[in-house]
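Down below is the structure, laid out as structure tokens.
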Amino acid sequence: MIGQVSQQKTSKTPASRTPQKKIALICTAYRERYHADVIATKFFYGFPTDDGVVRPRVKVVSMYIDQTNPDDLGLKIAARYNVPIYPTVTGALTLGGKKLAVDAVLFIGEHGDYPFNRFGMEMYPRLRIAEEIFRCFDASKRVVPVFHDKHLSYSWLDSKWIYDRSRELKAPYMAGSSLPLTWRNPPLEHPIGSKISEAVALGYGDSMDAYGFHVLEILQCMLERRAGGETGVASVQYLRADAMFAAARQGAFSMDLAEAAASTIDIKQKGTMRQHARDPVAIIVKYRDGTKGTVLMMYRYYGLRWAYAARVNGKIVATEFLLQDELVDNKRTPKCHFSYLGLNAEEMFVTGKPLYAVERTLLTSGILDMAHRSRAAGGKVIETPFLDVRYKPLEIKAIRPSGAKPSGASLMRWPPNELKSLYRTQAKH
């Protein structure tokens with residue numbers, strides 16, 4: 001079954017098949033291994049999963065690409081699948097007409113060449129593009145579901161505007177990282193209402209903007225299931241190196257949770273975190289209800305891996321959030337955590353109902369902005385009374401792998417033969 005396009009379902013994919021919805025693809029850039037590739041290309045070819053390659057139930061009928069080069073993959077994909085590229089967001093949404101003419105919007109505002117703000121965050125034009133989407137909705141007196149990849153914006157104020165506008169228009173909206181939808185080894189999902197007092201998530205990457213967001217989404221997708229639901233964040237602090245370890249000694253976060261999370265990773269270095277840490281980073285999040293949450297990035301100890309641990313009813317539980325890249329000798333894998341992200345977006349496109357709360361990503365977007373501000377202020381605690389984001393996790397089950405590790409078509413090589421001629425390099429993402 002590996003590499004074959006099939007009608008097989010993931011463990012959560014609905015059995016029913018409906019007529020294909022028309023999708024507008026809006027992205028900042030569409031090059032090899034960019035988010036537009038690892039997400040949107042699957043909406044053309046199919047979604048490689050543990051259960052086979054699942055055919056899309058929707059059809060991309062238009063594109064808008066904010067930045068292009070003559071040899072970009074997005075241009076080749078559009079030509080291969082006969083999809084018109086419009087010069088404006090509105091044109092892609094209206095198919096060149098005057099009113100909204102698609103059934104959903106896939107919005108990928110990651111990658112491209114954009115300026116950085118004073119805090120070192122790349123200013124992707126997510127607000128500008130979202131505003132144009134909403135303006136088209138308003139003028140057409142009709143809304144359709146929108147999936148918005150990664151954080152809502154680099155700025156809390158922009159993120160809040162996008163969220164508020166989507167709520168005002170009553171547009172089904174879903175956003176965020178692929179990490180909450182990847183494999184967990186061992187499988188771990190807190191029952192809704194769990195008594196969680198503290199949690200720690202581990203991640204990697206030199207860019208807090210690009211990679212820190214993913215670790216925050218791991219933390220939040222787990223903590224939102226605690227008793228009482230989410231009530232918001234009271235403060236955020238960024239620390240690094242010795243200041244981070246000093247904070248742990250003073251009780252800001254628990255190193256035993258960090259070690260428990262790392263214990264799920266099989267490639268970590270021998271010894272302790274302290275022995276192998278080189279310029280480690282912590283984002284310390286104090287929640288309004290007293291819960292403590294911490295993101296750590298010290299990957300020289302545990303490699304390019306992700307993990308999580310929490311204290312629940314006084315006991316520690318932990319899991320690794322596993323990607324398939326580490327399991328395949330050829331690093332050009334299909335990055336199937338994005339398959340599951342795409343399947344969740346597709347399900348919302350088909351049903352009109354989000355599978356998880358957009359408030360999760362609203363909150364993580366705000367935390368990330370405040371972490372950058374704390375870093376710029378030399379590790380100052382940033383009080384955040386405005387991050388009073390309140391929500392409860394949806395009862396709908398998100399589409400995730402049922403196994404603890406990737407298998408089947410999740411381990412196929414990429415690109416498949418059908419698309420190989422379109423790819424120019426074998427560069428790693």
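Identifiers in the structure tokens: chain A, B, ... in order shown; residue index from 1 per chain; ligand index from 1 in order shown.
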
Inset, instruction - Please provide the set of residues having any atom within 10 Å of Gly290 (chain A), restricted to only C-alpha atoms, with same-chain residues fewer than 6 positions apart removed, written as an MDAnalysis selection string. - result: chainID A and resid 197:198 233:234

Inset, instruction - Would you kindly return, as a count of residues only, each protein, DNA or RNA residue with an atom no farther than 7 Å from any atom of region 211-222 of chain A, considering only C-alpha atoms and excluding same-chain residues fewer than 2 positions away? - result: 19

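Nearest residue to Asp50 (chain A) among A:Ala248, A:Ala409, A:Ile267, A:Leu355 is A:Ala409, counting only C-alpha atoms.
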
Legend entry - Best match for closeness to Gly378 (chain A) among A:Phe119, A:Val102, A:Leu73, A:Val89, counting only C-alpha atoms: A:Phe119

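Taking only C-alpha atoms, the non-local environment of Gly97 (chain A) within 12 Å (same-chain residues fewer than 4 positions away omitted) comprises Tyr86, Thr88, Val89, Thr90, Gly91, Ala92, Leu93, Ala101, Val102, Cys136 and Ser140 of chain A.
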
Inset, instruction - Per DSSP on the backbone, filter region 301-355 of chain A down to the residues in helix (DSSP H, G or I) and report them as a ChimeraX atom specification. - result: /A:301-302,325-327,337-351

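Close contacts of Tyr173 (chain A), defined as residues with an atom at most 7 Å away when counting only C-alpha atoms, with chain neighbours fewer than 2 positions off set aside, comprise Pro145, Val146, Phe147, Ser166, Ala171, Ala175, Pro354 and Val358 of chain A.
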